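S.K.: I am attaching a structure below and will ask some questions about it afterwards.
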Amino acid sequence: MDTLLAVRARGITKRFGDVVALDAMYLDVTRGQVHGLVGPNGAGKTTLLGLLLGLAVADSGGLEILGTPIGRTLAAPDGVSGFVDGPGLYPSLTARQNLATLAALRGQDARAAGIDEALDQVGLTDVADDRARGFSLGMRQRLGLAAALLTKPRLLVLDEPSNGLDPAGKKHVYGVITRLANEGAAVVISSHHMEDLEALCSEVTILATGRVVFSGPLGKLAAENRELDYRLRTSDPRAARRLAAGAAGIHVVGDAGARHDEDVLVVRTLVAALDELVAGLVRAGIAVRELAPVVSPLEAAFLALTEQPEAGR
């Protein structure tokens, strides 16, 4: 038993009739880390979240959560909390009453459950006594996160947690997730928002048609043998273009396009060749003022690994 793992899946398969939602899937999620799940619709993300939350059971394979083997009966694993397909709330109750009701259903004393603290962490203190039916999507997402915090989870499972969030709401949610991971909990996030996963996750798993096509550190995606387009802004655009055009492994693919920004050059290359280009620019006395991928490594990997001629399951 690996005590560092919050989730250990080995050969997990889940079928719904003739549809194979998860196909002999292997997955490790380490404690103290935020782990992202990425995949097109129908890739198996929701099914996997359901297994982690005890809402479904696998047909075959082995699953351990927080060191405990998961059997074939529906049950929420100890120490696991979160939501899938949006949080379940009582619209006619206030935010505070929602959390008090959930605490009571779990046999917790409302005061001991830390309701006020949870509301404060997600930035809902000012609307604690407002009815949930009037909440925006982002506020409902934050209330769902507050509900998950009541159990002091060691594994937090979240489905699209940033849906509908304004910048202030996102700051609260990011803060909660980061703090939990720093305190040793594992957090699993499924999202289509690549910027959220890149900001929060140390590792990511990409699913396609129920199979894992990549799993590992985000940094490994950029190091893969895959060319990316990069925006390059320098102090001398013309000289930079000439140098890039003559550099090995560098393909000049355009400028800023619709922005008509003559200071920006777009090159397609591997990371190693890009490093050589930057070093060459510096040696030539050309200052690099901006260097960023046009499409993030995560999004590029997602597209490269999941785009198939056949429709995914």
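In the structure tokens, each chain is lettered A, B, ... as it comes, each chain's residues begin at 1, and ligands are numbered from 1 in order of appearance.
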Region 52-277 of chain A: which residues are helix (DSSP H, G or I) by DSSP, as a ChimeraX atom specification?
M.R.: /A:52,95-105,115-121,125-127,132-134,137-149,167-182,194-200,218-223,237-245,257-259,271-277
S.K.: Determine, counting only C-alpha atoms, which protein, DNA and RNA residues have an atom within 10 Å of an atom of Asp166 (chain A); residues of the same chain fewer than 4 positions away are not included. Present the result as a short mmCIF file (atom, residue, chain, number, x, y, z; two decimals) with C-alpha atoms, in the first residue's frame.
M.R.:
data_model
loop_
_atom_site.label_atom_id
_atom_site.label_comp_id
_atom_site.auth_asym_id
_atom_site.auth_seq_id
_atom_site.Cartn_x
_atom_site.Cartn_y
_atom_site.Cartn_z
CA GLY A 138 -20.89 31.03 -9.53
CA MET A 139 -22.37 31.57 -6.08
CA SER A 162 -14.95 27.67 -11.75
CA LYS A 170 -12.28 32.55 -8.62
CA LYS A 171 -9.78 34.01 -6.16
#
S.K.: Could you tell me which of A:His172, A:Arg142, A:Arg242, A:Arg131 comes closest to Gly280 (chain A) if we count only C-alpha atoms?
M.R.: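 Nearest candidate to Gly280 (chain A) out of A:His172, A:Arg142, A:Arg242, A:Arg131: A:Arg242.
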S.K.: Using only C-alpha atoms, which residue out of A:Thr30, A:Ser296, A:Thr94, A:Gln121 lies closest to Gly134 (chain A)?
M.R.: A:Thr94
